[in-house]
file input14.cif (mmCIF, C-alpha atoms and all ligand atoms)
data_model
loop_
_atom_site.group_PDB
_atom_site.id
_atom_site.type_symbol
_atom_site.label_atom_id
_atom_site.label_comp_id
_atom_site.auth_asym_id
_atom_site.auth_seq_id
_atom_site.Cartn_x
_atom_site.Cartn_y
_atom_site.Cartn_z
ATOM 1 C CA MET Q 1 -23.907 3.762 8.650
ATOM 2 C CA THR Q 2 -22.216 0.650 7.252
ATOM 3 C CA LYS Q 3 -18.697 0.832 5.819
ATOM 4 C CA ALA Q 4 -20.158 0.396 2.321
ATOM 5 C CA GLU Q 5 -22.509 3.339 2.872
ATOM 6 C CA GLU Q 6 -19.671 5.486 4.197
ATOM 7 C CA LEU Q 7 -17.542 4.635 1.156
ATOM 8 C CA ASN Q 8 -20.431 5.407 -1.160
ATOM 9 C CA GLU Q 9 -20.910 8.814 0.360
ATOM 10 C CA ILE Q 10 -17.237 9.676 -0.171
ATOM 11 C CA LYS Q 11 -17.336 8.207 -3.677
ATOM 12 C CA ASN Q 12 -20.154 10.605 -4.574
ATOM 13 C CA ARG Q 13 -18.099 13.540 -3.338
ATOM 14 C CA CYS Q 14 -15.030 12.303 -5.221
ATOM 15 C CA ALA Q 15 -17.045 12.185 -8.458
ATOM 16 C CA GLY Q 16 -17.204 15.981 -8.411
ATOM 17 C CA CYS Q 17 -13.648 16.555 -7.158
ATOM 18 C CA LYS Q 18 -11.848 19.580 -8.603
ATOM 19 C CA LYS Q 19 -8.740 19.520 -6.430
ATOM 20 C CA CYS Q 20 -6.390 19.250 -9.418
ATOM 21 C CA GLY Q 21 -6.340 19.823 -13.164
ATOM 22 C CA LEU Q 22 -7.122 16.187 -14.032
ATOM 23 C CA CYS Q 23 -10.805 16.980 -13.468
ATOM 24 C CA GLU Q 24 -10.674 18.854 -16.789
ATOM 25 C CA THR Q 25 -9.700 15.796 -18.834
ATOM 26 C CA ARG Q 26 -11.361 12.881 -17.009
ATOM 27 C CA THR Q 27 -14.471 11.077 -18.234
ATOM 28 C CA ASN Q 28 -15.117 9.546 -14.800
ATOM 29 C CA SER Q 29 -13.275 9.669 -11.520
ATOM 30 C CA VAL Q 30 -12.311 6.140 -10.500
ATOM 31 C CA PHE Q 31 -12.835 5.971 -6.766
ATOM 32 C CA GLY Q 32 -12.330 2.283 -5.985
ATOM 33 C CA THR Q 33 -14.212 -0.973 -5.988
ATOM 34 C CA GLY Q 34 -14.679 -4.067 -3.907
ATOM 35 C CA ASN Q 35 -15.493 -5.232 -0.437
ATOM 36 C CA ALA Q 36 -15.848 -2.474 2.151
ATOM 37 C CA GLU Q 37 -14.945 -5.047 4.818
ATOM 38 C CA ALA Q 38 -11.857 -6.276 2.960
ATOM 39 C CA GLU Q 39 -8.815 -7.460 4.903
ATOM 40 C CA LEU Q 40 -6.728 -7.044 1.749
ATOM 41 C CA MET Q 41 -6.517 -3.798 -0.205
ATOM 42 C CA PHE Q 42 -4.609 -3.180 -3.446
ATOM 43 C CA VAL Q 43 -3.462 0.295 -4.404
ATOM 44 C CA GLY Q 44 -2.393 0.987 -7.983
ATOM 45 C CA GLU Q 45 -1.113 4.107 -9.667
ATOM 46 C CA ALA Q 46 -3.863 5.826 -11.617
ATOM 47 C CA PRO Q 47 -6.730 4.945 -13.923
ATOM 48 C CA GLY Q 48 -5.947 4.120 -17.545
ATOM 49 C CA GLU Q 49 -8.210 4.544 -20.546
ATOM 50 C CA GLN Q 50 -10.650 1.707 -19.786
ATOM 51 C CA GLU Q 51 -10.875 2.748 -16.152
ATOM 52 C CA ASP Q 52 -11.544 6.371 -17.110
ATOM 53 C CA LEU Q 53 -14.328 5.226 -19.443
ATOM 54 C CA THR Q 54 -15.964 2.822 -16.972
ATOM 55 C CA GLY Q 55 -15.203 4.451 -13.617
ATOM 56 C CA VAL Q 56 -13.899 1.120 -12.290
ATOM 57 C CA PRO Q 57 -10.229 0.446 -11.395
ATOM 58 C CA PHE Q 58 -8.200 -2.317 -13.033
ATOM 59 C CA VAL Q 59 -10.632 -3.412 -15.725
ATOM 60 C CA GLY Q 60 -8.229 -3.077 -18.687
ATOM 61 C CA ARG Q 61 -5.452 -5.486 -19.678
ATOM 62 C CA ALA Q 62 -3.457 -4.913 -16.486
ATOM 63 C CA GLY Q 63 -6.578 -5.494 -14.415
ATOM 64 C CA GLN Q 64 -7.351 -8.730 -16.202
ATOM 65 C CA LEU Q 65 -3.830 -9.924 -15.427
ATOM 66 C CA LEU Q 66 -4.296 -8.955 -11.767
ATOM 67 C CA ASP Q 67 -7.517 -11.021 -11.751
ATOM 68 C CA ARG Q 68 -5.588 -14.017 -13.064
ATOM 69 C CA TYR Q 69 -3.028 -13.746 -10.264
ATOM 70 C CA LEU Q 70 -5.772 -13.445 -7.657
ATOM 71 C CA TYR Q 71 -7.452 -16.531 -9.093
ATOM 72 C CA ALA Q 72 -4.146 -18.436 -9.152
ATOM 73 C CA VAL Q 73 -3.569 -17.901 -5.431
ATOM 74 C CA ASP Q 74 -7.223 -18.538 -4.590
ATOM 75 C CA ILE Q 75 -8.157 -15.023 -3.521
ATOM 76 C CA ASP Q 76 -11.637 -14.090 -4.703
ATOM 77 C CA ARG Q 77 -11.832 -10.556 -6.120
ATOM 78 C CA SER Q 78 -15.046 -10.109 -4.130
ATOM 79 C CA ARG Q 79 -12.985 -10.341 -0.924
ATOM 80 C CA VAL Q 80 -10.612 -7.480 -1.755
ATOM 81 C CA TYR Q 81 -10.807 -3.744 -2.266
ATOM 82 C CA ILE Q 82 -8.965 -2.072 -5.143
ATOM 83 C CA ALA Q 83 -8.119 1.604 -5.493
ATOM 84 C CA ASN Q 84 -5.451 3.868 -6.937
ATOM 85 C CA ILE Q 85 -3.248 6.697 -5.690
ATOM 86 C CA LEU Q 86 -4.860 9.004 -8.280
ATOM 87 C CA LYS Q 87 -8.581 8.858 -8.858
ATOM 88 C CA CYS Q 88 -8.419 10.477 -12.306
ATOM 89 C CA ARG Q 89 -6.541 9.448 -15.440
ATOM 90 C CA PRO Q 90 -3.463 11.466 -16.318
ATOM 91 C CA PRO Q 91 -3.510 12.387 -20.039
ATOM 92 C CA LYS Q 92 -1.818 9.685 -22.175
ATOM 93 C CA ASN Q 93 -1.204 7.708 -18.964
ATOM 94 C CA ARG Q 94 1.783 9.853 -18.001
ATOM 95 C CA ASP Q 95 3.197 9.443 -14.479
ATOM 96 C CA PRO Q 96 1.239 11.279 -11.778
ATOM 97 C CA LEU Q 97 2.671 14.671 -10.817
ATOM 98 C CA PRO Q 98 3.602 15.071 -7.142
ATOM 99 C CA ALA Q 99 1.066 17.907 -6.820
ATOM 100 C CA GLU Q 100 -1.676 15.645 -8.214
ATOM 101 C CA GLU Q 101 -0.788 12.922 -5.707
ATOM 102 C CA ASP Q 102 -0.790 15.453 -2.864
ATOM 103 C CA ALA Q 103 -4.187 16.736 -3.936
ATOM 104 C CA CYS Q 104 -5.640 13.216 -4.214
ATOM 105 C CA MET Q 105 -4.256 11.507 -1.105
ATOM 106 C CA ASP Q 106 -7.108 12.516 1.210
ATOM 107 C CA TRP Q 107 -9.457 10.271 -0.778
ATOM 108 C CA LEU Q 108 -7.212 7.244 -0.259
ATOM 109 C CA ARG Q 109 -6.677 8.114 3.413
ATOM 110 C CA ALA Q 110 -10.448 8.185 3.872
ATOM 111 C CA GLN Q 111 -10.793 4.809 2.124
ATOM 112 C CA VAL Q 112 -8.157 3.175 4.338
ATOM 113 C CA LYS Q 113 -9.684 4.694 7.464
ATOM 114 C CA ILE Q 114 -13.097 3.236 6.672
ATOM 115 C CA ILE Q 115 -12.010 -0.174 5.370
ATOM 116 C CA ARG Q 116 -9.176 -0.702 7.871
ATOM 117 C CA PRO Q 117 -7.577 -3.554 5.890
ATOM 118 C CA LYS Q 118 -5.023 -5.839 7.542
ATOM 119 C CA ILE Q 119 -2.823 -5.854 4.443
ATOM 120 C CA ILE Q 120 -2.162 -3.150 1.863
ATOM 121 C CA VAL Q 121 -0.439 -4.173 -1.368
ATOM 122 C CA CYS Q 122 1.069 -1.466 -3.547
ATOM 123 C CA LEU Q 123 0.825 -2.330 -7.222
ATOM 124 C CA GLY Q 124 4.031 -0.958 -8.692
ATOM 125 C CA ARG Q 125 6.658 1.650 -7.994
ATOM 126 C CA ILE Q 126 4.478 4.767 -7.936
ATOM 127 C CA ALA Q 127 2.200 3.473 -5.167
ATOM 128 C CA ALA Q 128 5.148 2.037 -3.218
ATOM 129 C CA MET Q 129 7.028 5.341 -3.381
ATOM 130 C CA ARG Q 130 3.982 7.124 -2.030
ATOM 131 C CA LEU Q 131 2.887 4.603 0.619
ATOM 132 C CA ILE Q 132 6.119 2.904 1.720
ATOM 133 C CA SER Q 133 9.108 5.128 1.053
ATOM 134 C CA PRO Q 134 9.987 7.896 -1.446
ATOM 135 C CA ASP Q 135 13.151 6.041 -2.462
ATOM 136 C CA TYR Q 136 11.451 2.652 -2.872
ATOM 137 C CA ARG Q 137 13.184 0.367 -5.403
ATOM 138 C CA ILE Q 138 10.571 -2.035 -6.741
ATOM 139 C CA THR Q 139 13.098 -4.400 -8.365
ATOM 140 C CA LYS Q 140 15.008 -4.838 -5.116
ATOM 141 C CA GLU Q 141 12.290 -4.493 -2.514
ATOM 142 C CA HIS Q 142 9.118 -6.068 -3.958
ATOM 143 C CA GLY Q 143 7.693 -8.716 -1.662
ATOM 144 C CA GLN Q 144 9.255 -7.250 1.495
ATOM 145 C CA TRP Q 145 6.863 -6.515 4.373
ATOM 146 C CA VAL Q 146 6.673 -3.372 6.470
ATOM 147 C CA GLU Q 147 4.549 -2.877 9.589
ATOM 148 C CA ARG Q 148 2.655 0.399 9.639
ATOM 149 C CA GLY Q 149 0.424 1.003 12.621
ATOM 150 C CA ASP Q 150 -2.455 -1.419 12.393
ATOM 151 C CA PHE Q 151 -1.572 -2.909 9.029
ATOM 152 C CA LEU Q 152 1.107 -4.656 7.030
ATOM 153 C CA ILE Q 153 2.207 -3.208 3.746
ATOM 154 C CA THR Q 154 4.110 -4.663 0.809
ATOM 155 C CA ALA Q 155 4.575 -3.970 -2.892
ATOM 156 C CA VAL Q 156 4.534 -6.159 -5.987
ATOM 157 C CA TYR Q 157 5.262 -5.395 -9.622
ATOM 158 C CA HIS Q 158 2.554 -3.478 -11.427
ATOM 159 C CA PRO Q 159 0.643 -5.878 -13.704
ATOM 160 C CA ALA Q 160 1.354 -3.525 -16.646
ATOM 161 C CA ALA Q 161 5.092 -3.985 -15.975
ATOM 162 C CA ILE Q 162 4.593 -7.760 -16.146
ATOM 163 C CA LEU Q 163 2.793 -7.399 -19.478
ATOM 164 C CA ARG Q 164 5.818 -5.478 -20.783
ATOM 165 C CA ASP Q 165 8.349 -7.892 -19.244
ATOM 166 C CA PRO Q 166 7.157 -11.500 -18.829
ATOM 167 C CA GLY Q 167 10.450 -12.200 -17.008
ATOM 168 C CA LYS Q 168 8.772 -10.695 -13.929
ATOM 169 C CA ARG Q 169 5.992 -13.307 -13.848
ATOM 170 C CA GLU Q 170 7.709 -15.752 -11.524
ATOM 171 C CA ALA Q 171 8.553 -13.090 -8.923
ATOM 172 C CA MET Q 172 4.952 -11.853 -9.058
ATOM 173 C CA MET Q 173 3.626 -15.346 -8.473
ATOM 174 C CA GLU Q 174 5.872 -15.813 -5.429
ATOM 175 C CA ASP Q 175 4.847 -12.444 -3.987
ATOM 176 C CA MET Q 176 1.160 -13.149 -4.556
ATOM 177 C CA LYS Q 177 1.481 -16.570 -2.873
ATOM 178 C CA ALA Q 178 3.112 -14.902 0.134
ATOM 179 C CA ILE Q 179 0.243 -12.400 0.296
ATOM 180 C CA ALA Q 180 -2.320 -15.224 0.214
ATOM 181 C CA ASP Q 181 -0.412 -17.009 3.001
ATOM 182 C CA ARG Q 182 -0.400 -13.891 5.205
ATOM 183 C CA LEU Q 183 -4.110 -13.516 4.662
ATOM 184 C CA LYS Q 184 -4.665 -16.984 6.125
HETATM 185 N N1 LIG Q 201 -3.274 0.805 -13.797
HETATM 186 C C1 LIG Q 201 -3.420 1.307 -12.557
HETATM 187 O O1 LIG Q 201 -2.470 1.633 -11.861
HETATM 188 N N2 LIG Q 201 -4.661 1.455 -12.093
HETATM 189 C C2 LIG Q 201 -5.735 1.103 -12.799
HETATM 190 O O2 LIG Q 201 -6.830 1.263 -12.280
HETATM 191 C C3 LIG Q 201 -5.543 0.569 -14.081
HETATM 192 C C4 LIG Q 201 -4.298 0.432 -14.558
#

call {"tool": "encode", "arguments": {"input": "input14.cif", "output": "structure tokens"}}
result
Amino acid sequence: MTKAEELNEIKNRCAGCKKCGLCETRTNSVFGTGNAEAELMFVGEAPGEQEDLTGVPFVGRAGQLLDRYLYAVDIDRSRVYIANILKCRPPKNRDPLPAEEDACMDWLRAQVKIIRPKIIVCLGRIAAMRLISPDYRITKEHGQWVERGDFLITAVYHPAAILRDPGKREAMMEDMKAIADRLK
């Protein structure tokens, strides 16, 4: 089986997931999208409204901003894989509950195991706290690199945070350039 086929099989199982209460309110589970052979993987927080409606991560305003950053540093979206910590939208986009994250993490673990990216980029505090360290401080630590087994991991501001605070744009650009450099 190819990596894409393996991912597809897990995606189909995830579509019927009932491991937490978010299955009651979701329209679609949002498994992940992109290149199964990606060297670069982005992990966000949880689907928002547009993602819940379409089943595709980062297609709303935050996703469009992420696309612009990828374009600016010459990384084609077709080369990357994008997923979230939670596969289902929390009502009114509230923060994920720890129990929801615990219930959902096996899906992400399976994705990472199949794709085996060289670089994982956490989009925002929630993903960084889950994947890097529970006391992660995004303002202080964004752009720093940590080695974890076979891959490198870093975090950048969540694109939604940049939409709320344009003062973060410059830092995001620097971090994204550094990610593009590492990829080369
Ligand atoms: N925000 C996220 O964290 N993930 C998405 O998929 C969309 C918005």

call {"tool": "residues_near_ligand", "arguments": {"input": "input14.cif", "ligand": "ligand LIG 201 (chain Q)", "cutoff": "7 Å", "atoms": "only C-alpha atoms and all ligand atoms", "output": "number ranges by chain"}}
result
Q: 44-48, 51, 57-60, 62-63, 83-84, 123, 160

call {"tool": "resolve_selection", "arguments": {"input": "input14.cif", "expression": "the PyMOL selection byres (((chain Q and resi 174) around 12) and not hetatm)", "output": "JSON list (two decimals) with C-alpha atoms, in the coordinates of the input"}}
result
[["chain", "number", "residue", "atom", "x", "y", "z"],
["Q", 69, "TYR", "CA", -3.03, -13.75, -10.26],
["Q", 72, "ALA", "CA", -4.15, -18.44, -9.15],
["Q", 73, "VAL", "CA", -3.57, -17.90, -5.43],
["Q", 142, "HIS", "CA", 9.12, -6.07, -3.96],
["Q", 143, "GLY", "CA", 7.69, -8.72, -1.66],
["Q", 144, "GLN", "CA", 9.26, -7.25, 1.50],
["Q", 156, "VAL", "CA", 4.53, -6.16, -5.99],
["Q", 157, "TYR", "CA", 5.26, -5.40, -9.62],
["Q", 168, "LYS", "CA", 8.77, -10.70, -13.93],
["Q", 169, "ARG", "CA", 5.99, -13.31, -13.85],
["Q", 170, "GLU", "CA", 7.71, -15.75, -11.52],
["Q", 171, "ALA", "CA", 8.55, -13.09, -8.92],
["Q", 172, "MET", "CA", 4.95, -11.85, -9.06],
["Q", 173, "MET", "CA", 3.63, -15.35, -8.47],
["Q", 175, "ASP", "CA", 4.85, -12.44, -3.99],
["Q", 176, "MET", "CA", 1.16, -13.15, -4.56],
["Q", 177, "LYS", "CA", 1.48, -16.57, -2.87],
["Q", 178, "ALA", "CA", 3.11, -14.90, 0.13],
["Q", 179, "ILE", "CA", 0.24, -12.40, 0.30],
["Q", 180, "ALA", "CA", -2.32, -15.22, 0.21],
["Q", 181, "ASP", "CA", -0.41, -17.01, 3.00]]

call {"tool": "atom_distance", "arguments": {"input": "input14.cif", "atom1": "atom CA of Glu5 of chain Q", "atom2": "atom CA of Glu37 of chain Q"}}
result
11.5 Å

call {"tool": "residues_around", "arguments": {"input": "input14.cif", "residues": "segment 12-25 of chain Q", "least_positions_apart": "4", "cutoff": "9 Å", "atoms": "all atoms listed in the file", "output": "ChimeraX atom specification"}}
result
/Q:7-8,29-31,87-91,99-100,103-104,107

call {"tool": "atom_distance", "arguments": {"input": "input14.cif", "atom1": "atom CA of Arg68 of chain Q", "atom2": "atom CA of Glu39 of chain Q"}}
result
19.4 Å

call {"tool": "build_atoms", "arguments": {"input": "input14.cif", "residues": "segment 164-175 of chain Q", "atoms": "N, CA, C and O atoms", "output": "PDB file, keeping the file's coordinate frame"}}
result
ATOM      1  N   ARG Q 164       4.680  -5.942 -19.974  1.00  0.00           N
ATOM      2  CA  ARG Q 164       5.818  -5.478 -20.783  1.00  0.00           C
ATOM      3  C   ARG Q 164       7.005  -6.412 -20.662  1.00  0.00           C
ATOM      4  O   ARG Q 164       7.782  -6.571 -21.589  1.00  0.00           O
ATOM      5  N   ASP Q 165       7.178  -7.045 -19.498  1.00  0.00           N
ATOM      6  CA  ASP Q 165       8.349  -7.892 -19.244  1.00  0.00           C
ATOM      7  C   ASP Q 165       7.923  -9.195 -18.570  1.00  0.00           C
ATOM      8  O   ASP Q 165       7.870  -9.287 -17.342  1.00  0.00           O
ATOM      9  N   PRO Q 166       7.623 -10.224 -19.388  1.00  0.00           N
ATOM     10  CA  PRO Q 166       7.157 -11.500 -18.829  1.00  0.00           C
ATOM     11  C   PRO Q 166       8.182 -12.143 -17.894  1.00  0.00           C
ATOM     12  O   PRO Q 166       7.837 -13.025 -17.106  1.00  0.00           O
ATOM     13  N   GLY Q 167       9.422 -11.690 -17.933  1.00  0.00           N
ATOM     14  CA  GLY Q 167      10.450 -12.200 -17.008  1.00  0.00           C
ATOM     15  C   GLY Q 167      10.112 -11.923 -15.549  1.00  0.00           C
ATOM     16  O   GLY Q 167      10.703 -12.513 -14.656  1.00  0.00           O
ATOM     17  N   LYS Q 168       9.154 -11.033 -15.314  1.00  0.00           N
ATOM     18  CA  LYS Q 168       8.772 -10.695 -13.929  1.00  0.00           C
ATOM     19  C   LYS Q 168       7.667 -11.607 -13.383  1.00  0.00           C
ATOM     20  O   LYS Q 168       7.294 -11.510 -12.214  1.00  0.00           O
ATOM     21  N   ARG Q 169       7.154 -12.495 -14.245  1.00  0.00           N
ATOM     22  CA  ARG Q 169       5.992 -13.307 -13.848  1.00  0.00           C
ATOM     23  C   ARG Q 169       6.236 -14.173 -12.613  1.00  0.00           C
ATOM     24  O   ARG Q 169       5.393 -14.279 -11.732  1.00  0.00           O
ATOM     25  N   GLU Q 170       7.426 -14.813 -12.608  1.00  0.00           N
ATOM     26  CA  GLU Q 170       7.709 -15.752 -11.524  1.00  0.00           C
ATOM     27  C   GLU Q 170       7.765 -15.026 -10.177  1.00  0.00           C
ATOM     28  O   GLU Q 170       7.188 -15.495  -9.185  1.00  0.00           O
ATOM     29  N   ALA Q 171       8.444 -13.878 -10.158  1.00  0.00           N
ATOM     30  CA  ALA Q 171       8.553 -13.090  -8.923  1.00  0.00           C
ATOM     31  C   ALA Q 171       7.162 -12.658  -8.458  1.00  0.00           C
ATOM     32  O   ALA Q 171       6.838 -12.710  -7.261  1.00  0.00           O
ATOM     33  N   MET Q 172       6.310 -12.285  -9.397  1.00  0.00           N
ATOM     34  CA  MET Q 172       4.952 -11.853  -9.058  1.00  0.00           C
ATOM     35  C   MET Q 172       4.172 -13.002  -8.421  1.00  0.00           C
ATOM     36  O   MET Q 172       3.466 -12.827  -7.431  1.00  0.00           O
ATOM     37  N   MET Q 173       4.340 -14.185  -8.998  1.00  0.00           N
ATOM     38  CA  MET Q 173       3.626 -15.346  -8.473  1.00  0.00           C
ATOM     39  C   MET Q 173       4.053 -15.635  -7.034  1.00  0.00           C
ATOM     40  O   MET Q 173       3.214 -15.897  -6.168  1.00  0.00           O
ATOM     41  N   GLU Q 174       5.363 -15.568  -6.791  1.00  0.00           N
ATOM     42  CA  GLU Q 174       5.872 -15.813  -5.429  1.00  0.00           C
ATOM     43  C   GLU Q 174       5.318 -14.778  -4.458  1.00  0.00           C
ATOM     44  O   GLU Q 174       4.885 -15.112  -3.358  1.00  0.00           O
ATOM     45  N   ASP Q 175       5.342 -13.505  -4.873  1.00  0.00           N
ATOM     46  CA  ASP Q 175       4.847 -12.444  -3.987  1.00  0.00           C
ATOM     47  C   ASP Q 175       3.354 -12.619  -3.712  1.00  0.00           C
ATOM     48  O   ASP Q 175       2.893 -12.427  -2.587  1.00  0.00           O
TER      49      ASP Q 175
END
